[in-house]
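Visitor: After the structure tokens below, expect a handful of questions from me.
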Amino acid sequence: MSHDNSIGLLIDADNSPASKIEDVLDELAKFGVINIRRAYGNWKSTHLAGWEAVLHDYAIQPIQQFAYSKGKNATDMALAIDAMDLLYTKHLSGVALVSSDSDFTPLVMRLRANGLQVYGFGEEKTPTPFVNACSRFLYLEKLGTQTLDVQPSNGKPSTPARKTAKQLKGDTKLMTLLRNAVAAATDDSGWAHLGAVGQHITKQASFDQRNYGFAKLGDLFAEIDLFTTEKREKGLYVRDTRKSVETH
């Protein structure tokens, strides 16, 4: 049995930047209370200096893990063991994993099989199997208003680049996901409420429109000329233009 709003945050500090932790915490706050906050790594390493600077500010418990042998990642093993302990002892509703390492894919699948939501956060280099295994996955570069550890020459924060309509339509997997979700939520009038569409999508795949550079799901649909959006009193509605043409 899980408690409705309790989330455990587990950070692979060896394989994640510290600069986005505030954005990660802000995102997770939408889904529940982050009661457990742990960061794993060899804290004797200068590589983790950035993380050491934020641990106290965000009440994150550092978990020391020595590198017992060269080329072997003991941090991953320690994190996975703790995740399984939490699964059976803390009755969480979800677990957040901050890492770009696909080795955690089997762990994610096991946690989800036991009914937990798994929120993944990693850089855009994160392998697809790990991304797809999560209930929801967000690229760190897309969080907040500033890209990961990068400042443009003018000193102003840069914003994530939007995918163009051509790029979006060229993504067969994305288009199939969107069209199936709209079809599943469409009522007798041929329109689907965007809220219902979004709920269907989250049940089917690890998806977040921000990974494509859009703040809102409606903005993503509006960018693709294969869909029509319409704002009504009860919210935004969307229609698959291809389907509407076929019915006439």
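Each chain of the structure tokens is named A, B, ... in the order shown, its residues numbered from 1; ligands are numbered from 1 in display order.
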Residues of stretch 54-122 of chain A that approach stretch 34-41 of chain A to 9 Å or less, counting only C-alpha atoms: could you list each one with the shortest pair of atoms and its distance in Å to one decimal, rows by chain and increasing residue number, as CSV?
Guide:
```
residue,atom,partner,partner_atom,distance
A:Leu55,CA,A:Ala39,CA,8.3
A:Tyr58,CA,A:Arg37,CA,8.6
A:Ala59,CA,A:Arg37,CA,7.1
A:Ile60,CA,A:Arg37,CA,4.9
A:Gln61,CA,A:Arg38,CA,4.6
A:Pro62,CA,A:Ala39,CA,4.9
A:Ile63,CA,A:Tyr40,CA,4.8
A:Gln64,CA,A:Gly41,CA,5.7
A:Gln65,CA,A:Gly41,CA,5.3
A:Phe66,CA,A:Gly41,CA,7.5
A:Ala67,CA,A:Gly41,CA,8.8
A:Ala74,CA,A:Gly41,CA,8.5
A:Thr75,CA,A:Gly41,CA,5.6
A:Asp76,CA,A:Tyr40,CA,8.2
A:Ala78,CA,A:Tyr40,CA,7.7
A:Leu79,CA,A:Tyr40,CA,6.7
```
Visitor: Could you give me, as a PyMOL selection string, each residue of stretch 52-142 of chain A that DSSP assigns to alpha helix (DSSP H) when run on this structure's backbone?
Guide: chain A and resi 52-55+74-89+105-113+128-133
Visitor: Would you mind exporting N, CA and C atoms of the selected residues as a tab-separated table (two decimals), in the first residue's frame?
Guide:
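File produced: part_10.tsv:
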```tsv
chain	number	residue	atom	x	y	z
A	52	GLU	N	28.14	19.17	-3.40
A	52	GLU	CA	28.37	19.47	-1.99
A	52	GLU	C	27.84	20.85	-1.62
A	53	ALA	N	27.91	21.77	-2.55
A	53	ALA	CA	27.50	23.15	-2.30
A	53	ALA	C	25.99	23.31	-2.13
A	54	VAL	N	25.19	22.33	-2.61
A	54	VAL	CA	23.73	22.48	-2.56
A	54	VAL	C	23.05	21.48	-1.62
A	55	LEU	N	23.79	20.56	-1.07
A	55	LEU	CA	23.18	19.51	-0.24
A	55	LEU	C	22.41	20.09	0.94
A	74	ALA	N	30.00	1.47	-8.18
A	74	ALA	CA	29.39	1.05	-6.93
A	74	ALA	C	28.22	1.95	-6.56
A	75	THR	N	28.23	3.19	-7.04
A	75	THR	CA	27.15	4.13	-6.74
A	75	THR	C	25.82	3.61	-7.26
A	76	ASP	N	25.81	3.09	-8.49
A	76	ASP	CA	24.58	2.55	-9.08
A	76	ASP	C	24.01	1.43	-8.23
A	77	MET	N	24.89	0.55	-7.76
A	77	MET	CA	24.44	-0.58	-6.96
A	77	MET	C	23.84	-0.12	-5.64
A	78	ALA	N	24.50	0.85	-4.99
A	78	ALA	CA	24.00	1.35	-3.70
A	78	ALA	C	22.64	2.01	-3.87
A	79	LEU	N	22.47	2.79	-4.94
A	79	LEU	CA	21.21	3.46	-5.20
A	79	LEU	C	20.10	2.44	-5.45
A	80	ALA	N	20.40	1.43	-6.25
A	80	ALA	CA	19.40	0.42	-6.57
A	80	ALA	C	18.96	-0.36	-5.33
A	81	ILE	N	19.92	-0.69	-4.45
A	81	ILE	CA	19.58	-1.40	-3.21
A	81	ILE	C	18.67	-0.56	-2.33
A	82	ASP	N	18.99	0.73	-2.20
A	82	ASP	CA	18.16	1.62	-1.39
A	82	ASP	C	16.77	1.78	-1.99
A	83	ALA	N	16.69	1.83	-3.31
A	83	ALA	CA	15.39	1.96	-3.97
A	83	ALA	C	14.50	0.77	-3.65
A	84	MET	N	15.07	-0.42	-3.66
A	84	MET	CA	14.29	-1.62	-3.34
A	84	MET	C	13.89	-1.63	-1.87
A	85	ASP	N	14.79	-1.16	-1.00
A	85	ASP	CA	14.44	-1.06	0.43
A	85	ASP	C	13.26	-0.11	0.62
A	86	LEU	N	13.30	1.02	-0.06
A	86	LEU	CA	12.21	2.00	0.05
A	86	LEU	C	10.90	1.43	-0.46
A	87	LEU	N	10.99	0.63	-1.52
A	87	LEU	CA	9.80	0.03	-2.12
A	87	LEU	C	9.03	-0.79	-1.08
A	88	TYR	N	9.75	-1.52	-0.24
A	88	TYR	CA	9.10	-2.42	0.70
A	88	TYR	C	8.96	-1.88	2.12
A	89	THR	N	9.59	-0.75	2.43
A	89	THR	CA	9.54	-0.27	3.81
A	89	THR	C	8.90	1.11	3.99
A	105	THR	N	17.46	1.10	-15.94
A	105	THR	CA	16.22	0.69	-16.61
A	105	THR	C	15.53	-0.49	-15.94
A	106	PRO	N	16.25	-1.57	-15.61
A	106	PRO	CA	15.57	-2.69	-14.93
A	106	PRO	C	14.98	-2.29	-13.58
A	107	LEU	N	15.66	-1.39	-12.87
A	107	LEU	CA	15.14	-0.92	-11.59
A	107	LEU	C	13.83	-0.17	-11.79
A	108	VAL	N	13.80	0.70	-12.80
A	108	VAL	CA	12.58	1.46	-13.09
A	108	VAL	C	11.42	0.51	-13.40
A	109	MET	N	11.68	-0.48	-14.20
A	109	MET	CA	10.64	-1.43	-14.58
A	109	MET	C	10.11	-2.19	-13.37
A	110	ARG	N	11.00	-2.53	-12.46
A	110	ARG	CA	10.58	-3.25	-11.25
A	110	ARG	C	9.73	-2.35	-10.35
A	111	LEU	N	10.14	-1.12	-10.18
A	111	LEU	CA	9.38	-0.19	-9.35
A	111	LEU	C	7.98	0.04	-9.92
A	112	ARG	N	7.90	0.18	-11.22
A	112	ARG	CA	6.60	0.40	-11.86
A	112	ARG	C	5.73	-0.85	-11.76
A	113	ALA	N	6.35	-2.02	-11.87
A	113	ALA	CA	5.60	-3.27	-11.77
A	113	ALA	C	4.97	-3.42	-10.39
A	128	THR	N	17.42	5.87	-24.76
A	128	THR	CA	15.97	5.76	-24.91
A	128	THR	C	15.32	4.72	-24.01
A	129	PRO	N	15.92	3.53	-23.79
A	129	PRO	CA	15.27	2.54	-22.92
A	129	PRO	C	14.96	3.07	-21.53
A	130	PHE	N	15.87	3.84	-20.96
A	130	PHE	CA	15.64	4.41	-19.63
A	130	PHE	C	14.53	5.45	-19.69
A	131	VAL	N	14.57	6.30	-20.71
A	131	VAL	CA	13.54	7.33	-20.88
A	131	VAL	C	12.16	6.71	-20.99
A	132	ASN	N	12.02	5.71	-21.84
A	132	ASN	CA	10.72	5.09	-22.08
A	132	ASN	C	10.22	4.26	-20.90
A	133	ALA	N	11.13	3.78	-20.07
A	133	ALA	CA	10.72	2.95	-18.93
A	133	ALA	C	10.03	3.76	-17.85
```
Visitor: Please compute the atom CA of A:Ala165-atom CA of A:Val197 distance, one decimal, in Å.
Guide: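 Atom-to-atom, atom CA of A:Ala165 and atom CA of A:Val197 are spaced 19.5 Å apart.
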Visitor: Report, in Å to a single decimal, how far apart atom CA of A:Gly120 and atom CA of A:Gly50 are.
Guide: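 Interatomic distance here is 20.7 Å.
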Visitor: As a compact mmCIF listing (two decimals) with C-alpha atoms, in the first residue's frame, please: every residue in stretch 13-175 of chain A that a backbone DSSP assignment puts in strand (DSSP E or B).
Guide:
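Output file states-v2.txt follows:
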```txt
# COMPACT_ATOMS: atom_id res chain seq x y z
CA VAL A 33 5.83 15.74 -0.99
CA ILE A 34 9.51 14.82 -1.36
CA ASN A 35 10.01 13.17 2.01
CA ILE A 36 13.23 11.34 1.14
CA ARG A 37 16.12 13.11 -0.58
CA ARG A 38 19.39 11.27 -1.13
CA ALA A 39 22.41 11.81 -3.35
CA TYR A 40 24.86 8.98 -4.00
CA GLY A 41 28.51 9.28 -4.89
CA GLN A 61 21.31 13.50 2.46
CA PRO A 62 24.69 12.54 0.97
CA ILE A 63 25.28 8.79 0.77
CA GLN A 64 28.97 7.97 0.64
CA GLY A 94 6.56 7.46 -6.42
CA VAL A 95 10.32 7.48 -6.83
CA ALA A 96 12.32 10.09 -8.70
CA LEU A 97 15.63 9.06 -10.26
CA VAL A 98 18.10 11.70 -11.38
CA GLN A 117 5.24 6.13 -10.37
CA VAL A 118 8.81 6.69 -11.53
CA TYR A 119 9.88 10.22 -12.45
CA GLY A 120 13.12 10.31 -14.41
CA PHE A 121 15.43 13.27 -14.91
CA GLY A 122 18.52 13.15 -17.09
CA ARG A 136 7.42 10.47 -16.88
CA PHE A 137 10.86 11.60 -18.01
CA LEU A 138 12.17 15.13 -18.38
CA TYR A 139 15.42 16.22 -19.96
```
Visitor: Of the residues A:His56, A:Phe214, A:Lys142, A:Asp240, which is the one nearest to A:Thr186, using only C-alpha atoms?
Guide: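 Checking each candidate against A:Thr186, we get A:Asp240 as the closest.
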Visitor: Pick the closest to A:Thr228 from A:Pro17, A:Trp191, A:Asp208, A:Thr202: which is it, counting only C-alpha atoms?
Guide: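 Closest to A:Thr228, using only C-alpha atoms: A:Trp191.
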Visitor: Excluding A:Asn5 and any residue of its chain fewer than 6 positions from it, enumerate the residues within 7 Å of it, using only C-alpha atoms, and give them as an MDAnalysis selection string.
Guide: chainID A and resid 31:33 93
Visitor: Next, write the just-selected residues to a file, as a PDB file, in the first residue's frame, keeping N, CA and C atoms as the atom set.
Guide:
```pdb
ATOM      1  N   PHE A  31       3.723  16.719  -7.910  1.00  0.00           N
ATOM      2  CA  PHE A  31       3.186  15.365  -7.787  1.00  0.00           C
ATOM      3  C   PHE A  31       3.094  14.880  -6.342  1.00  0.00           C
ATOM      4  N   GLY A  32       3.747  15.562  -5.422  1.00  0.00           N
ATOM      5  CA  GLY A  32       3.676  15.128  -4.039  1.00  0.00           C
ATOM      6  C   GLY A  32       4.737  15.763  -3.172  1.00  0.00           C
ATOM      7  N   VAL A  33       4.857  15.234  -1.964  1.00  0.00           N
ATOM      8  CA  VAL A  33       5.831  15.735  -0.991  1.00  0.00           C
ATOM      9  C   VAL A  33       7.096  14.883  -1.082  1.00  0.00           C
ATOM     10  N   SER A  93       4.481   6.684  -2.949  1.00  0.00           N
ATOM     11  CA  SER A  93       3.625   6.691  -4.135  1.00  0.00           C
ATOM     12  C   SER A  93       4.467   6.813  -5.401  1.00  0.00           C
TER      13      SER A  93
END
```
